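Here the structure is laid out as structure tokens; the discussion comes afterwards.
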Amino acid sequence: MTQDELKQAVARAARDYVADRLPVGAILGVGTGSTANFFIDEIAAIKDRIGGTIASSEATAKRLEGHGIRVLDLNGIDAIGIYVDGADEIDASMAMVKGGGGALTREKIVAAVAKTFVCICDASKRVPVMGRFPLPVEVIPMASAYVSRELEKLGGKPKLREGMVTDNGNLILDVHGLSITDPVGLEAHINQIVGVVTNGLFAQRGADVLLLAAADGVQTYTR
Ligand SMILES: O=C(CO)[C@H](O)[C@H](O)COP(=O)(O)O
């Protein structure tokens with residue numbers, strides 16, 4: 001199976017998960033990226049059961065609206081039942097690296113509000129130790145050089161993502177060369193550097209459910 005076929009398979013499994021578990025009329029959080037895009041295309045078929053969606057990026061909002069799926073303002077709602085999103089890496093503790101698409105801050109906000117975070121991945125994303133995928137860090141533009149120096153002190157090699165401005169008007173530093181053995185500690189440590197908006201470690205609030213697609217089918221893991 002190609003990687004796109006695996007993404008399609010896991011997106012279909014996530015649609016079924018939502019159809020089974022999200023109460024009719026409840027709010028669904030929707031992630032960003034190519035796997036999330038497959039998921040958006042799948043949920044078009046069940047849009048009448050969904051009360052509305054919270055999009056984790058402008059691109060996701062546009063795709064949802066293209067299917068006639070209602071996109072709501074997070075400030076107008078109290079609860080998100082399920083949040084479905086992809087990841088760049090996920091470890092055995094269900095901590096993730098996210099932000100390959102640059103949407104990490106809004107993704108982290110949606111994840112914080114959601115009752116259940118369902119991560120959807122193909123099997124290549126599951127790793128024993130995270131860090132091979134460079135860790136994205138969203139920074140306020142005037143602080144990018146300072147934050148880079150601070151990240152170097154942690155042993156990382158930050159690289160400014162060329163041509164990327166986030167939906168929030170900020171920049172992304174991709175930090176190479178980290179071996180992330182303490183995801184919760186590193187997430188908190190990087191977030192306290194002045195000028196950092198947030199980093200792509202989702203460890204303090206990891207996934208609750210992982211739907212993982214491999215050639216022999218989609219497996220479900222729970223925290
Ligand atoms: O965090 C993300 C976007 O900011 C994505 O979930 C992550 O990059 C995975 O993307 P894809 O499904 O395209 O592999």
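Here, A, B, ... name the chains of the structure tokens in the order displayed, residue numbers run from 1 inside each chain, and ligands are numbered from 1 in the same displayed order.
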*If you count only C-alpha atoms, which residues fall within 9 Å of range 58-74 of chain A, apart from same-chain ones fewer than 6 positions away, as a ChimeraX atom specification?*
/A:27,30-33,36-37,40-41,43-44,47-48,50-52,110,167
*Got a sec: who's within 12 Å of range 122-129 of chain A, counting only C-alpha atoms, leaving out chain neighbours fewer than 5 positions off, as a PyMOL selection string?*
chain A and resi 1-11+13+34-36+86-98+178-183+210-221
Picked from range 11-195 of chain A by DSSP as strand (DSSP E), as a PDB file with C-alpha atoms, in the first residue's frame:
```
ATOM      1  CA  ILE A  27     -18.674  19.674  18.139  1.00  0.00           C
ATOM      2  CA  LEU A  28     -15.753  18.067  16.330  1.00  0.00           C
ATOM      3  CA  GLY A  29     -12.210  19.452  16.287  1.00  0.00           C
ATOM      4  CA  VAL A  30     -10.398  18.995  12.980  1.00  0.00           C
ATOM      5  CA  GLY A  52     -20.187  22.045  13.906  1.00  0.00           C
ATOM      6  CA  THR A  53     -16.427  21.946  13.676  1.00  0.00           C
ATOM      7  CA  ILE A  54     -13.492  23.836  15.114  1.00  0.00           C
ATOM      8  CA  ALA A  55     -10.707  24.117  12.543  1.00  0.00           C
ATOM      9  CA  ILE A  80     -15.242  19.839  21.794  1.00  0.00           C
ATOM     10  CA  GLY A  81     -16.154  16.159  21.984  1.00  0.00           C
ATOM     11  CA  ILE A  82     -13.466  14.669  19.763  1.00  0.00           C
ATOM     12  CA  TYR A  83     -10.421  16.192  18.070  1.00  0.00           C
ATOM     13  CA  VAL A  84      -8.977  14.264  15.125  1.00  0.00           C
ATOM     14  CA  ASP A  85      -5.529  15.173  13.832  1.00  0.00           C
ATOM     15  CA  GLU A  89       5.867  11.414  15.187  1.00  0.00           C
ATOM     16  CA  ILE A  90       4.214   9.566  18.066  1.00  0.00           C
ATOM     17  CA  MET A  96       3.603  13.528  19.652  1.00  0.00           C
ATOM     18  CA  VAL A  97       5.651  15.893  17.571  1.00  0.00           C
ATOM     19  CA  ALA A 114     -11.136  18.607  23.352  1.00  0.00           C
ATOM     20  CA  LYS A 115     -12.364  15.790  25.549  1.00  0.00           C
ATOM     21  CA  THR A 116     -10.739  13.084  23.408  1.00  0.00           C
ATOM     22  CA  PHE A 117      -7.745  13.519  21.102  1.00  0.00           C
ATOM     23  CA  VAL A 118      -7.701  10.930  18.326  1.00  0.00           C
ATOM     24  CA  CYS A 119      -4.383  10.801  16.487  1.00  0.00           C
ATOM     25  CA  ILE A 120      -4.479   9.376  12.966  1.00  0.00           C
ATOM     26  CA  CYS A 121      -1.251   8.175  11.412  1.00  0.00           C
ATOM     27  CA  ASP A 122       0.327   5.728   9.085  1.00  0.00           C
ATOM     28  CA  LEU A 135      10.708  19.888  16.271  1.00  0.00           C
ATOM     29  CA  PRO A 136       8.706  22.943  15.108  1.00  0.00           C
ATOM     30  CA  VAL A 137       8.691  25.960  17.420  1.00  0.00           C
ATOM     31  CA  GLU A 138       6.437  28.953  16.658  1.00  0.00           C
ATOM     32  CA  VAL A 139       8.114  32.227  17.586  1.00  0.00           C
ATOM     33  CA  LYS A 157      20.073  23.044  15.611  1.00  0.00           C
ATOM     34  CA  PRO A 158      17.227  25.468  14.823  1.00  0.00           C
ATOM     35  CA  LYS A 159      16.550  26.379  11.221  1.00  0.00           C
ATOM     36  CA  LEU A 160      14.134  29.097  10.198  1.00  0.00           C
ATOM     37  CA  LEU A 171       7.640  32.319  12.267  1.00  0.00           C
ATOM     38  CA  ILE A 172       8.596  28.661  12.653  1.00  0.00           C
ATOM     39  CA  LEU A 173      11.989  27.384  13.789  1.00  0.00           C
ATOM     40  CA  ASP A 174      12.514  23.690  12.987  1.00  0.00           C
ATOM     41  CA  VAL A 175      14.864  22.224  15.568  1.00  0.00           C
ATOM     42  CA  HIS A 176      17.055  19.419  14.247  1.00  0.00           C
TER      43      HIS A 176
END
```
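Using only C-alpha atoms and all ligand atoms for every distance, the candidate list A:Val24, A:Leu104, A:Ala188, A:Val196 yields A:Leu104 as the residue closest to ligand 1.
Distance annotation: of A:Ala143, A:Gly200, A:Arg149, A:Asn75, the residue with the minimal separation from ligand 1 is A:Gly200; atom set is only C-alpha atoms and all ligand atoms.
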*asked:* I need the residue nearest Gly101 in chain A from this list: A:Asn199, A:Thr166, A:Asp16, A:His189. Use only C-alpha atoms for the distance.
replied: A:Thr166
*Mind checking DSSP for range 29-215 of chain A and telling me the alpha helix (DSSP H) residues as a PyMOL selection string?*
chain A and resi 34-43+58-66+104-113+144-153+183-191
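Of the residues listed (A:Val113, A:Thr198, A:Asn168, A:Gly25), A:Thr198 shows the shortest atom-to-atom separation from Val147 in chain A; distances use only C-alpha atoms.
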